[in-house]
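Read through the structure below, which is laid out as structure tokens, and then see the notes.
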Amino acid sequence: MKAISTTIQGLEEVTIKEIKEILKVKAKVLTLTKVEFATEETDKFNNLTRSSLNTYQLIDKLKFKNIEDIENKIKKINIDIKDSFVVRCHRVGNHKFNSLDIERRIGEIIYKKYKKRVEFENPETIVYIDILNNYCFIGLNPSTFKRNYKLRTNFLTLNSSLAYSLVRTVDYKINEALLIPFCSSGEIAIESCLYILKTQLNEKPKTKEKLKIITVGENIKNSVINSKIAGVYNLIRIKRLEMDWLDTEFKKNSIDKIIMYIPKKDDYSELFRQIRHILKKNGRICTLSTNKIKAEGFKTIKKIEIMHGIKQEISILRKL
């Protein structure tokens, strides 16, 4: 069975790596945010994926010029419709139609072809029309991956799949000391912990062994609450700390990896001076920012441009 994983734009390779790890199969990028793979173990993948925004069974795909092209494709293909169905459309791009047009017109075609009952509340089959610019992916029964630990958020809170992808991009490994300044709602620390412990989505870790994951900030209340819900509060360290005190709190050359979300343009020269003091010689920093970051004493070794609501850049830095 073919399947699609929808990812954050620019982070498709993280999902390809995750598919290979979980399912031991190859995957490929079809277009921005769309990764295709073949499996009979969709439940297994859905329980373990942390980078996917959604997944669904792929029935067919096409490039189209107008809505009639999509209608004609639906008329030609066979779809396994149970006793009831509904059509849902997700659409990105500029088109002469909207999602409701697709749902109504495709729904009429399927109803006439299969004589099945339309059910909006609890359908047995969801026909999913996923449109991205001039690509259309026709699928069944999409799964989404909302985290149940995100009770407390603020304007700096990151999407959990993005937080996880930062952890994978910096190549964080167990037994490494990971520092997350500007803890926000704690999602980077939480996702780091759940990934390292191979925890299924929205399940709590079974171990009691504390990891070397530290997140700091001036306001830690949201991080404390969310980490308790996730079941990782006692496995990581959350500390109230101003960024001016990093080199006092942590010993020289004691940190392996650092992940930072830097949302605003500012002078971070003092912060990077302190980070240079506490980061190990072969350590790495992963930054996410909408602005170019000046990091004196560091070299950028990798850049990834992503789009998730707004355009942002992930940078991997090492000491000079």
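Following the order of the structure tokens, chains are lettered A, B, ..., residues in each are numbered from 1, and ligands are numbered from 1.
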
Show me, as CSV, the residues of region 118-192 of chain A having an atom within 12 Å of region 266-276 of chain A, each with the closest atom pair and its distance in Å, using only C-alpha atoms.
residue,atom,partner,partner_atom,distance
A:Leu179,CA,A:Ile275,CA,10.0
A:Ile180,CA,A:Ile275,CA,11.2
A:Pro181,CA,A:Leu271,CA,9.9
A:Phe182,CA,A:Leu271,CA,11.4

Please run DSSP on the backbone and report, as number ranges by chain, all residues within region 155-221 of chain A that come out as helix (DSSP H, G or I). A: 160-169, 187-196, 221

With only C-alpha atoms as the counted atoms, please give the residues lying no more than 9 Å from Val29 (chain A), apart from itself and same-chain residues fewer than 5 positions off, as a ChimeraX atom specification. /A:12-13,16,34-36

How about saving the chosen residues, N, CA and C atoms kept, as a PDB file, in the first residue's frame?
ATOM      1  N   GLU A  12      11.662  17.552   4.689  1.00  0.00           N
ATOM      2  CA  GLU A  12      11.254  16.265   4.136  1.00  0.00           C
ATOM      3  C   GLU A  12      12.281  15.166   4.418  1.00  0.00           C
ATOM      4  N   GLU A  13      13.561  15.524   4.427  1.00  0.00           N
ATOM      5  CA  GLU A  13      14.602  14.513   4.645  1.00  0.00           C
ATOM      6  C   GLU A  13      14.550  13.931   6.059  1.00  0.00           C
ATOM      7  N   ILE A  16      11.981  11.207   5.748  1.00  0.00           N
ATOM      8  CA  ILE A  16      12.533  10.063   5.016  1.00  0.00           C
ATOM      9  C   ILE A  16      13.410   9.215   5.936  1.00  0.00           C
ATOM     10  N   LYS A  34       5.561  16.616   0.614  1.00  0.00           N
ATOM     11  CA  LYS A  34       4.919  15.327   0.355  1.00  0.00           C
ATOM     12  C   LYS A  34       5.964  14.227   0.170  1.00  0.00           C
ATOM     13  N   VAL A  35       5.951  13.268   1.079  1.00  0.00           N
ATOM     14  CA  VAL A  35       6.875  12.133   1.041  1.00  0.00           C
ATOM     15  C   VAL A  35       6.063  10.866   0.832  1.00  0.00           C
ATOM     16  N   GLU A  36       6.429  10.086  -0.191  1.00  0.00           N
ATOM     17  CA  GLU A  36       5.712   8.853  -0.512  1.00  0.00           C
ATOM     18  C   GLU A  36       6.516   7.642  -0.059  1.00  0.00           C
TER      19      GLU A  36
END

All residues 7 Å or closer to region 134-148 of chain A, only C-alpha atoms, same chain fewer than 5 positions away omitted, as a list in words: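 My reading of the contact set: Leu53, Asn54, Thr55, Tyr56, Gln57, Leu58, Ile59, Asp60, Lys61, Leu62, Lys63, Phe64, Lys65, Thr125, Ile126, Val127, Tyr128, Ile129 and Asn202 of chain A.
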
Kindly export the residues of the current selection with C-alpha atoms, as an mmCIF file, in the first residue's frame.
data_model
loop_
_atom_site.group_PDB
_atom_site.id
_atom_site.type_symbol
_atom_site.label_atom_id
_atom_site.label_comp_id
_atom_site.auth_asym_id
_atom_site.auth_seq_id
_atom_site.Cartn_x
_atom_site.Cartn_y
_atom_site.Cartn_z
ATOM 1 C CA LEU A 53 1.926 16.553 10.166
ATOM 2 C CA ASN A 54 -0.415 13.929 8.741
ATOM 3 C CA THR A 55 -0.385 10.638 6.843
ATOM 4 C CA TYR A 56 -2.877 8.911 4.574
ATOM 5 C CA GLN A 57 -3.255 6.013 2.176
ATOM 6 C CA LEU A 58 -2.447 7.187 -1.360
ATOM 7 C CA ILE A 59 -4.927 6.098 -4.022
ATOM 8 C CA ASP A 60 -3.696 8.194 -6.955
ATOM 9 C CA LYS A 61 -2.067 11.493 -7.842
ATOM 10 C CA LEU A 62 -2.059 13.940 -10.738
ATOM 11 C CA LYS A 63 -0.950 17.328 -11.962
ATOM 12 C CA PHE A 64 -3.968 19.365 -12.959
ATOM 13 C CA LYS A 65 -4.926 22.570 -14.732
ATOM 14 C CA THR A 125 -14.379 6.310 4.870
ATOM 15 C CA ILE A 126 -12.809 9.736 4.506
ATOM 16 C CA VAL A 127 -11.856 10.524 0.910
ATOM 17 C CA TYR A 128 -9.016 13.005 1.258
ATOM 18 C CA ILE A 129 -8.237 15.431 -1.574
ATOM 19 C CA ASN A 202 1.056 10.494 23.343
#

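The shell of residues at most 12 Å from Lys28 (chain A), with only C-alpha atoms counted and near chain neighbours (fewer than 3 positions) removed, consists of Lys2, Ala3, Ile4, Ser5, Thr6, Glu12, Glu13, Val14, Thr15, Ile16, Lys17, Ile19, Lys20, Val25, Thr31, Leu32, Thr33, Lys34, Val35, Glu36, Phe37 and Ala38 of chain A.
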
I need the residue nearest Lys257 (chain A) from this list: A:Leu201, A:Leu241, A:Val87, A:Ile316. Use only C-alpha atoms for the distance.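 Result for the nearest residue to Lys257 (chain A): A:Ile316.
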
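Nearest residue to Asp256 (chain A) among A:Ala230, A:Cys183, A:Ile214, A:Ile106 is A:Ile214, counting only C-alpha atoms.
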
For Thr169 (chain A): contacts at 12 Å, only C-alpha atoms, fewer than 5 positions along chain excluded, given as a VMD selection string: chain A and resid 10 to 15 17 to 18 51 162 to 164 192 257 to 259 284 to 288 301 to 304 314 to 317
